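Pasting query38.txt here (compact mmCIF, C-alpha atoms and all ligand atoms):
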```
# COMPACT_ATOMS: atom_id res chain seq x y z
CA MET A 278 -90.84 -40.12 -159.33
CA SER A 279 -94.00 -42.24 -159.25
CA LYS A 280 -97.15 -40.50 -158.13
CA VAL A 281 -98.26 -41.33 -154.59
CA LYS A 282 -101.62 -43.05 -154.71
CA SER A 283 -104.47 -41.32 -152.96
CA ALA A 284 -108.24 -41.26 -152.84
CA ILE A 285 -110.97 -38.99 -154.15
CA PHE A 286 -113.09 -37.44 -151.42
CA THR A 287 -116.80 -38.27 -151.50
CA LEU A 288 -119.49 -37.35 -148.99
CA ASP A 289 -123.03 -38.69 -148.72
CA LEU A 290 -124.99 -35.59 -147.78
CA GLU A 291 -127.94 -36.72 -145.74
CA ASP A 292 -129.47 -35.78 -142.43
CA HIS A 293 -128.73 -37.99 -139.47
CA VAL A 294 -131.82 -36.88 -137.61
CA GLY A 295 -134.09 -39.79 -136.83
CA ARG A 296 -131.22 -42.20 -136.70
CA TYR A 297 -129.80 -40.43 -133.66
CA ASP A 298 -132.86 -38.48 -132.61
CA THR A 299 -130.99 -35.18 -132.29
CA SER A 300 -131.39 -31.75 -133.82
CA SER A 301 -130.25 -31.34 -137.40
CA ARG A 302 -126.61 -30.29 -137.57
CA TYR A 303 -125.62 -31.64 -140.96
CA PRO A 304 -125.63 -28.25 -142.81
CA SER A 305 -123.05 -26.60 -140.56
CA ILE A 306 -120.88 -29.73 -140.33
CA SER A 307 -120.90 -30.24 -144.09
CA ARG A 308 -120.06 -26.57 -144.68
CA GLN A 309 -117.12 -26.75 -142.32
CA VAL A 310 -115.72 -29.97 -143.81
CA LEU A 311 -116.13 -28.95 -147.44
CA GLN A 312 -114.69 -25.47 -146.81
CA THR A 313 -111.65 -26.96 -145.07
CA LEU A 314 -111.06 -29.34 -147.97
CA ALA A 315 -111.36 -26.52 -150.51
CA GLN A 316 -108.92 -24.40 -148.46
CA ASN A 317 -106.50 -27.32 -148.74
CA GLY A 318 -106.93 -27.38 -152.51
CA ILE A 319 -109.14 -30.47 -152.46
CA VAL A 320 -112.45 -30.87 -154.22
CA GLY A 321 -114.53 -34.01 -154.25
CA THR A 322 -117.96 -35.39 -155.05
CA VAL A 323 -120.94 -34.80 -152.80
CA PHE A 324 -123.87 -37.20 -153.23
CA VAL A 325 -126.96 -35.31 -152.14
CA VAL A 326 -130.35 -36.65 -151.12
CA GLY A 327 -132.78 -34.79 -153.41
CA LYS A 328 -134.96 -33.51 -150.58
CA ILE A 329 -131.99 -31.57 -149.21
CA ALA A 330 -132.02 -29.47 -152.40
CA LYS A 331 -135.44 -28.23 -151.26
CA ALA A 332 -134.56 -27.89 -147.57
CA GLU A 333 -131.07 -26.34 -147.93
CA PRO A 334 -130.69 -24.80 -151.42
CA ALA A 335 -128.11 -22.25 -150.25
CA LEU A 336 -125.92 -25.04 -148.84
CA LEU A 337 -125.88 -26.84 -152.20
CA ARG A 338 -124.97 -23.66 -154.06
CA GLU A 339 -122.16 -22.95 -151.61
CA ILE A 340 -120.78 -26.47 -152.08
CA SER A 341 -120.95 -26.12 -155.85
CA ASP A 342 -119.28 -22.68 -155.71
CA LEU A 343 -116.38 -24.23 -153.74
CA GLY A 344 -115.72 -26.41 -156.79
CA HIS A 345 -117.07 -29.74 -155.51
CA GLU A 346 -119.14 -31.92 -157.82
CA LEU A 347 -122.75 -32.46 -156.78
CA ALA A 348 -124.26 -35.84 -157.59
CA CYS A 349 -127.50 -37.60 -156.68
CA HIS A 350 -128.08 -39.85 -153.66
CA SER A 351 -131.78 -40.67 -154.34
CA LEU A 352 -134.78 -38.52 -153.44
CA ASP A 353 -135.28 -39.57 -149.84
CA HIS A 354 -132.72 -42.32 -149.16
CA THR A 355 -134.99 -45.27 -149.93
CA PRO A 356 -132.88 -48.37 -150.77
CA LEU A 357 -133.45 -49.71 -154.31
CA ASP A 358 -135.05 -52.97 -153.19
CA LYS A 359 -137.70 -51.07 -151.23
CA GLN A 360 -139.07 -49.43 -154.40
CA ALA A 361 -140.72 -50.62 -157.60
CA PRO A 362 -138.81 -49.64 -160.78
CA ALA A 363 -141.49 -47.08 -161.82
CA ALA A 364 -141.40 -45.34 -158.43
CA PHE A 365 -137.60 -45.34 -158.46
CA ARG A 366 -137.59 -43.74 -161.90
CA GLU A 367 -140.04 -41.03 -160.86
CA ASP A 368 -138.26 -40.23 -157.58
CA THR A 369 -134.76 -40.26 -159.08
CA ALA A 370 -135.78 -38.02 -161.99
CA ARG A 371 -137.27 -35.61 -159.45
CA ALA A 372 -134.14 -35.67 -157.27
CA LYS A 373 -131.86 -35.03 -160.28
CA HIS A 374 -134.08 -32.17 -161.40
CA LEU A 375 -134.18 -30.61 -157.91
CA ILE A 376 -130.39 -30.64 -157.57
CA GLU A 377 -129.76 -29.39 -161.12
CA ASN A 378 -132.27 -26.56 -160.69
CA CYS A 379 -130.61 -25.58 -157.45
CA ILE A 380 -127.02 -25.37 -158.74
CA GLY A 381 -127.62 -24.69 -162.44
CA LYS A 382 -125.33 -27.56 -163.51
CA ALA A 383 -125.92 -31.05 -164.88
CA VAL A 384 -125.88 -33.94 -162.40
CA VAL A 385 -124.28 -37.04 -163.95
CA GLY A 386 -123.42 -39.25 -160.95
CA PHE A 387 -125.65 -41.44 -158.77
CA ARG A 388 -125.02 -43.37 -155.56
CA ALA A 389 -127.66 -45.80 -154.33
CA PRO A 390 -128.57 -45.49 -150.64
CA VAL A 391 -126.55 -48.01 -148.55
CA PHE A 392 -124.96 -49.45 -151.74
CA SER A 393 -128.27 -51.16 -152.53
CA LEU A 394 -127.42 -51.86 -156.19
CA THR A 395 -127.11 -55.65 -156.06
CA LYS A 396 -127.86 -58.67 -158.19
CA SER A 397 -131.55 -58.34 -157.36
CA THR A 398 -131.86 -54.64 -158.27
CA LEU A 399 -130.04 -54.61 -161.62
CA TRP A 400 -133.11 -53.09 -163.30
CA ALA A 401 -131.94 -49.77 -161.84
CA VAL A 402 -128.93 -49.68 -164.20
CA ASP A 403 -131.17 -49.07 -167.24
CA VAL A 404 -133.28 -46.50 -165.39
CA LEU A 405 -130.13 -44.55 -164.46
CA ALA A 406 -128.83 -44.49 -168.05
CA GLU A 407 -132.26 -43.46 -169.37
CA LEU A 408 -132.37 -40.57 -166.89
CA GLY A 409 -129.04 -39.27 -168.24
CA PHE A 410 -126.62 -40.39 -165.56
CA GLN A 411 -123.10 -41.16 -166.81
CA TYR A 412 -121.84 -43.04 -163.80
CA SER A 413 -122.98 -44.89 -160.71
CA SER A 414 -121.10 -45.46 -157.48
CA SER A 415 -123.58 -47.87 -155.97
CA VAL A 416 -121.98 -51.31 -155.65
CA MET A 417 -120.29 -52.83 -152.59
CA PRO A 418 -118.30 -55.65 -154.28
CA THR A 419 -118.04 -57.91 -151.24
CA HIS A 420 -120.25 -59.62 -148.68
CA ASN A 421 -122.00 -57.13 -146.46
CA PRO A 422 -124.68 -57.50 -143.77
CA LEU A 423 -126.91 -55.09 -145.71
CA TYR A 424 -126.36 -54.95 -149.49
CA GLY A 425 -123.24 -56.69 -150.80
CA PHE A 426 -122.67 -57.68 -154.46
CA PRO A 427 -119.67 -60.05 -154.05
CA GLN A 428 -119.77 -61.21 -157.71
CA ALA A 429 -119.24 -57.68 -159.06
CA PRO A 430 -115.75 -56.54 -160.16
CA THR A 431 -113.80 -54.55 -157.61
CA LYS A 432 -112.40 -52.24 -160.32
CA PRO A 433 -114.48 -49.72 -162.33
CA PHE A 434 -116.39 -51.19 -165.25
CA LEU A 435 -119.14 -50.52 -167.78
CA TRP A 436 -122.59 -52.02 -167.48
CA LYS A 437 -124.07 -53.47 -170.68
CA ASN A 438 -125.75 -50.14 -171.53
CA GLY A 439 -122.51 -48.15 -171.17
CA LEU A 440 -123.19 -46.68 -167.70
CA VAL A 441 -119.91 -46.49 -165.76
CA GLU A 442 -119.83 -48.18 -162.35
CA ILE A 443 -117.20 -47.16 -159.81
CA PRO A 444 -117.51 -49.78 -157.06
CA CYS A 445 -116.73 -49.07 -153.43
CA PRO A 446 -112.98 -49.64 -152.93
CA VAL A 447 -112.21 -52.72 -150.84
CA GLY A 448 -108.96 -54.09 -149.43
CA LYS A 449 -107.87 -57.42 -147.98
CA LEU A 450 -107.05 -57.70 -144.31
CA GLY A 451 -106.14 -61.37 -143.89
CA PRO A 452 -109.24 -63.34 -144.85
CA ILE A 453 -111.51 -60.30 -144.53
CA THR A 454 -112.41 -57.89 -147.36
CA LEU A 455 -113.04 -54.40 -146.01
CA PRO A 456 -114.40 -51.17 -147.51
CA TYR A 457 -111.49 -49.51 -145.69
CA LEU A 458 -112.00 -45.98 -147.04
CA GLY A 459 -115.43 -45.55 -145.42
CA GLY A 460 -115.66 -42.96 -142.65
CA PHE A 461 -116.29 -45.63 -140.03
CA TYR A 462 -113.17 -47.61 -141.06
CA LEU A 463 -110.99 -44.51 -141.37
CA ARG A 464 -111.98 -43.58 -137.83
CA TYR A 465 -110.90 -46.94 -136.39
CA LEU A 466 -108.18 -48.46 -138.59
CA PRO A 467 -104.56 -47.42 -137.91
CA GLN A 468 -103.43 -44.87 -140.51
CA ILE A 469 -100.40 -46.97 -141.40
CA LEU A 470 -102.71 -49.83 -142.38
CA VAL A 471 -104.92 -47.56 -144.50
CA ARG A 472 -101.84 -46.19 -146.26
CA SER A 473 -100.59 -49.72 -146.89
CA LEU A 474 -103.94 -50.81 -148.39
CA ILE A 475 -103.91 -47.74 -150.64
CA THR A 476 -100.39 -48.59 -151.81
CA GLN A 477 -101.40 -52.20 -152.54
CA ALA A 478 -104.52 -51.18 -154.51
CA ASP A 479 -104.63 -52.16 -158.19
CA PRO A 480 -103.46 -49.23 -160.37
CA GLU A 481 -106.67 -49.58 -162.39
CA SER A 482 -108.89 -49.12 -159.36
CA CYS A 483 -110.52 -45.82 -158.47
CA LEU A 484 -110.08 -45.10 -154.78
CA TRP A 485 -112.56 -42.93 -152.93
CA THR A 486 -113.45 -42.21 -149.36
CA TYR A 487 -117.10 -42.14 -148.34
CA CYS A 488 -118.19 -40.25 -145.28
CA HIS A 489 -121.36 -38.85 -143.81
CA PRO A 490 -121.79 -35.59 -141.92
CA TYR A 491 -122.12 -37.52 -138.64
CA ASP A 492 -118.58 -38.90 -139.07
CA PHE A 493 -117.37 -35.36 -138.27
CA ASP A 494 -119.96 -34.46 -135.62
CA THR A 495 -117.98 -34.34 -132.37
CA ALA A 496 -120.69 -32.42 -130.50
CA GLU A 497 -123.44 -34.96 -130.89
CA PRO A 498 -124.54 -36.44 -127.56
CA PHE A 499 -124.59 -40.23 -127.35
CA ASN A 500 -127.86 -41.77 -128.46
CA ARG A 501 -128.79 -45.39 -128.62
CA ILE A 502 -129.80 -46.17 -132.22
CA GLN A 503 -133.25 -47.67 -132.29
CA GLY A 504 -133.17 -51.40 -132.88
CA ALA A 505 -129.34 -51.62 -132.96
CA PRO A 506 -127.15 -53.36 -130.36
CA LEU A 507 -125.50 -51.08 -127.78
CA TRP A 508 -121.98 -51.76 -129.12
CA THR A 509 -123.01 -50.62 -132.62
CA SER A 510 -124.38 -47.36 -131.25
CA ILE A 511 -121.14 -46.78 -129.30
CA LEU A 512 -118.88 -47.54 -132.28
CA LEU A 513 -120.84 -45.23 -134.59
CA TRP A 514 -120.73 -42.40 -132.05
CA PHE A 515 -117.13 -42.66 -130.82
CA ASN A 516 -113.82 -41.60 -132.42
CA ARG A 517 -114.96 -38.70 -134.58
CA ARG A 518 -112.47 -36.04 -133.51
CA ASP A 519 -109.72 -37.10 -135.91
CA THR A 520 -111.89 -37.86 -138.94
CA LEU A 521 -110.97 -34.71 -140.86
CA PRO A 522 -107.17 -34.93 -140.35
CA LYS A 523 -107.35 -38.61 -141.35
CA ILE A 524 -109.31 -37.73 -144.48
CA LEU A 525 -106.83 -34.99 -145.36
CA ALA A 526 -103.97 -37.48 -145.04
CA VAL A 527 -105.65 -39.87 -147.46
CA VAL A 528 -106.86 -37.41 -150.11
CA ARG A 529 -104.11 -34.79 -149.89
CA GLU A 530 -102.15 -35.73 -153.00
CA ASN A 531 -105.22 -35.97 -155.18
CA SER A 532 -105.94 -32.29 -155.10
CA SER A 533 -108.43 -31.66 -157.88
CA SER A 534 -110.27 -34.85 -158.74
CA THR A 535 -113.95 -35.60 -158.59
CA LEU A 536 -115.57 -38.86 -159.60
CA ARG A 537 -116.90 -37.09 -162.68
CA GLY A 538 -113.37 -36.00 -163.57
CA TRP A 539 -112.14 -39.57 -163.11
CA VAL A 540 -114.92 -40.92 -165.37
CA GLU A 541 -114.18 -38.36 -168.09
CA ALA A 542 -110.50 -39.32 -168.07
CA ASN A 543 -110.94 -43.10 -167.86
CA SER A 544 -114.31 -44.30 -169.20
CA ALA A 545 -113.01 -45.00 -172.73
CA CYS A 546 -110.81 -47.89 -171.55
CA LEU A 547 -113.04 -49.63 -169.01
CA PRO A 548 -113.98 -53.31 -169.38
CA ARG A 549 -117.61 -54.35 -169.76
CA TYR A 550 -119.29 -56.49 -167.09
CA LEU A 551 -122.23 -58.68 -168.08
CA PRO A 552 -123.75 -60.14 -164.90
ZN ZN B 1 -126.64 -42.58 -147.69
```

Could the structure of this file be written out as structure tokens, please?
Amino acid sequence: MSKVKSAIFTLDLEDHVGRYDTSSRYPSISRQVLQTLAQNGIVGTVFVVGKIAKAEPALLREISDLGHELACHSLDHTPLDKQAPAAFREDTARAKHLIENCIGKAVVGFRAPVFSLTKSTLWAVDVLAELGFQYSSSVMPTHNPLYGFPQAPTKPFLWKNGLVEIPCPVGKLGPITLPYLGGFYLRYLPQILVRSLITQADPESCLWTYCHPYDFDTAEPFNRIQGAPLWTSILLWFNRRDTLPKILAVVRENSSSTLRGWVEANSACLPRYLP
């Protein structure tokens, strides 16, 4: 019997205070979600903003003890194009060190804030390899209002220096290319459509969900996001109740994979991409 395709669970662990102007609830939400996954035999990869290692060290240790991989999501969530290479190097080295010190394990994965690894920030690839990262999960290989890299391959590949890139999974919906495994899309797309896109995915792709603690925060009161249109604020706030069951349906069959585990099993046969 052929194996049913499923996705690896990934979470971007960052505070949503400021964006929503509410009290900080991400530690308890993240705990609840990651415990539930572990109880269902699922571990995944948690990309942590370095400053959280200082603010919530016990949370990181708990996550690591549950069996999830901890990876780096920058020091303070500054997109790559908002930093000079030297400052990025210094901040990212610090973030990696903070997380490693906290959990006592090596951190080998990196995800750029808001998928800000694009054609104009390729200098970051060498910095990441020099800092000892083995893989990056930082490219959105389609057009995007913020940071798309439509020329990049949609399947995992090696950068020139050997760093593995695992791009954000995208699927075709008519003429539109969608990062359909993001928390926002999982909350709104019909499950039958998500399942169909997973089934159609190239066997050489690496599928992963990406969520944020707020995707699961059903108790958060509605807040208008500063500077965003009203409809965006409503869409980001609404439809959170079913996020966890939807995630469980998508990742269920892939019970013990992390992105690190995927890289260790597959990096030897990845193609090289020379932009
Ligand atoms: Zn983020």

Discussion item. Please identify all protein, DNA and RNA residues within 7 Å of ligand ZN 1 (chain B), counting all atoms listed in the file, and report them as a ChimeraX atom specification.
Written reply: /A:289,291,350,354,390-391

Can you tell me, as a CSV table (one decimal) with C-alpha atoms, in the coordinates of the input, which residues sit within 9 Å of (-113.4, -44.0, -159.5) in the file's frame, using all atoms listed in the file?
```csv
chain,number,residue,atom,x,y,z
A,284,ALA,CA,-108.2,-41.3,-152.8
A,285,ILE,CA,-111.0,-39.0,-154.2
A,414,SER,CA,-121.1,-45.5,-157.5
A,432,LYS,CA,-112.4,-52.2,-160.3
A,433,PRO,CA,-114.5,-49.7,-162.3
A,442,GLU,CA,-119.8,-48.2,-162.4
A,443,ILE,CA,-117.2,-47.2,-159.8
A,444,PRO,CA,-117.5,-49.8,-157.1
A,445,CYS,CA,-116.7,-49.1,-153.4
A,446,PRO,CA,-113.0,-49.6,-152.9
A,482,SER,CA,-108.9,-49.1,-159.4
A,483,CYS,CA,-110.5,-45.8,-158.5
A,484,LEU,CA,-110.1,-45.1,-154.8
A,485,TRP,CA,-112.6,-42.9,-152.9
A,535,THR,CA,-114.0,-35.6,-158.6
A,536,LEU,CA,-115.6,-38.9,-159.6
A,537,ARG,CA,-116.9,-37.1,-162.7
A,538,GLY,CA,-113.4,-36.0,-163.6
A,539,TRP,CA,-112.1,-39.6,-163.1
A,540,VAL,CA,-114.9,-40.9,-165.4
A,543,ASN,CA,-110.9,-43.1,-167.9
```

Discussion item. From the options A:Val416, A:Leu521, A:Ile306, A:Val326, which residue's atoms come nearest to A:Leu290, counting all atoms listed in the file?
Written reply: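 Between A:Val416, A:Leu521, A:Ile306, A:Val326, the residue approaching A:Leu290 most closely is A:Val326.
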
Excluding same-chain residues fewer than 2 positions from A:Leu455, what lies within 12 Å of it counting only C-alpha atoms, as a PDB file with C-alpha atoms, keeping the file's coordinate frame?
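Wrote out_30.pdb, looks like this:
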```pdb
ATOM      1  CA  MET A 417    -120.290 -52.830-152.590  1.00  0.00           C
ATOM      2  CA  PRO A 418    -118.300 -55.650-154.280  1.00  0.00           C
ATOM      3  CA  THR A 419    -118.040 -57.910-151.240  1.00  0.00           C
ATOM      4  CA  HIS A 420    -120.250 -59.620-148.680  1.00  0.00           C
ATOM      5  CA  ASN A 421    -122.000 -57.130-146.460  1.00  0.00           C
ATOM      6  CA  GLY A 425    -123.240 -56.690-150.800  1.00  0.00           C
ATOM      7  CA  PRO A 427    -119.670 -60.050-154.050  1.00  0.00           C
ATOM      8  CA  THR A 431    -113.800 -54.550-157.610  1.00  0.00           C
ATOM      9  CA  CYS A 445    -116.730 -49.070-153.430  1.00  0.00           C
ATOM     10  CA  PRO A 446    -112.980 -49.640-152.930  1.00  0.00           C
ATOM     11  CA  VAL A 447    -112.210 -52.720-150.840  1.00  0.00           C
ATOM     12  CA  GLY A 448    -108.960 -54.090-149.430  1.00  0.00           C
ATOM     13  CA  LYS A 449    -107.870 -57.420-147.980  1.00  0.00           C
ATOM     14  CA  LEU A 450    -107.050 -57.700-144.310  1.00  0.00           C
ATOM     15  CA  GLY A 451    -106.140 -61.370-143.890  1.00  0.00           C
ATOM     16  CA  PRO A 452    -109.240 -63.340-144.850  1.00  0.00           C
ATOM     17  CA  ILE A 453    -111.510 -60.300-144.530  1.00  0.00           C
ATOM     18  CA  TYR A 457    -111.490 -49.510-145.690  1.00  0.00           C
ATOM     19  CA  LEU A 458    -112.000 -45.980-147.040  1.00  0.00           C
ATOM     20  CA  GLY A 459    -115.430 -45.550-145.420  1.00  0.00           C
ATOM     21  CA  PHE A 461    -116.290 -45.630-140.030  1.00  0.00           C
ATOM     22  CA  TYR A 462    -113.170 -47.610-141.060  1.00  0.00           C
ATOM     23  CA  LEU A 463    -110.990 -44.510-141.370  1.00  0.00           C
ATOM     24  CA  LEU A 466    -108.180 -48.460-138.590  1.00  0.00           C
ATOM     25  CA  LEU A 470    -102.710 -49.830-142.380  1.00  0.00           C
ATOM     26  CA  VAL A 471    -104.920 -47.560-144.500  1.00  0.00           C
ATOM     27  CA  LEU A 474    -103.940 -50.810-148.390  1.00  0.00           C
TER      28      LEU A 474
END
```

Discussion item. Between atom CA of A:Arg338 and atom CA of A:Gly460, what is the distance in Å, rounded to a tenth?
Written reply: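 Distance reported for this atom pair: 24.3 Å.
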
Item to complete: Mind listing whatever residues come within 12 Å of the point (-129.0, -51.0, -154.8)? Use only C-alpha atoms, file coordinates, and give them as JSON, numbers by chain.
Response: {"A": [350, 351, 354, 355, 356, 357, 358, 359, 360, 362, 365, 387, 388, 389, 390, 391, 392, 393, 394, 395, 396, 397, 398, 399, 400, 401, 402, 405, 413, 414, 415, 416, 417, 418, 423, 424, 425, 426, 444]}

Worksheet item: Which one of A:Leu352, A:Ala429, A:Phe410, A:Gly327 sits closest to A:Asn378 if you count only C-alpha atoms?
Response: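 Of all the options, A:Gly327 lies closest to A:Asn378.
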
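Picture a line from atom CA of A:Leu408 to atom CA of A:Val320; it runs 25.5 Å.
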
Item to complete: Rank A:Leu314, A:Leu551, A:Ala332, A:Leu347 by their smallest atom-to-atom distance to A:Gln428, using only C-alpha atoms, and report the top residue only.
Response: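 Going through A:Leu314, A:Leu551, A:Ala332, A:Leu347 one by one, the smallest distance to A:Gln428 is for A:Leu551.
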
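If you measure from each of A:Glu377, A:Glu333, A:Glu541, A:Asp292 to A:Asp353 using only C-alpha atoms, the closest one turns out to be A:Asp292.
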
Worksheet item: Expressed in Å to a single decimal, how great is the separation between atom CA of A:Leu440 and atom CA of A:Phe324?
Response: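 Distance between the two atoms: 17.3 Å.
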
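Of the listed residues (A:Gln468, A:Val404, A:Asp342, A:Ala348), A:Val404 comes nearest to A:Ala364; the distances count all atoms listed in the file.
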
Practice prompt. Rank A:Ser534, A:Asn317, A:Gln477, A:Ser305 by their smallest atom-to-atom distance to A:Leu337, using all atoms listed in the file, and report the top residue only.
Written response: A:Ser305
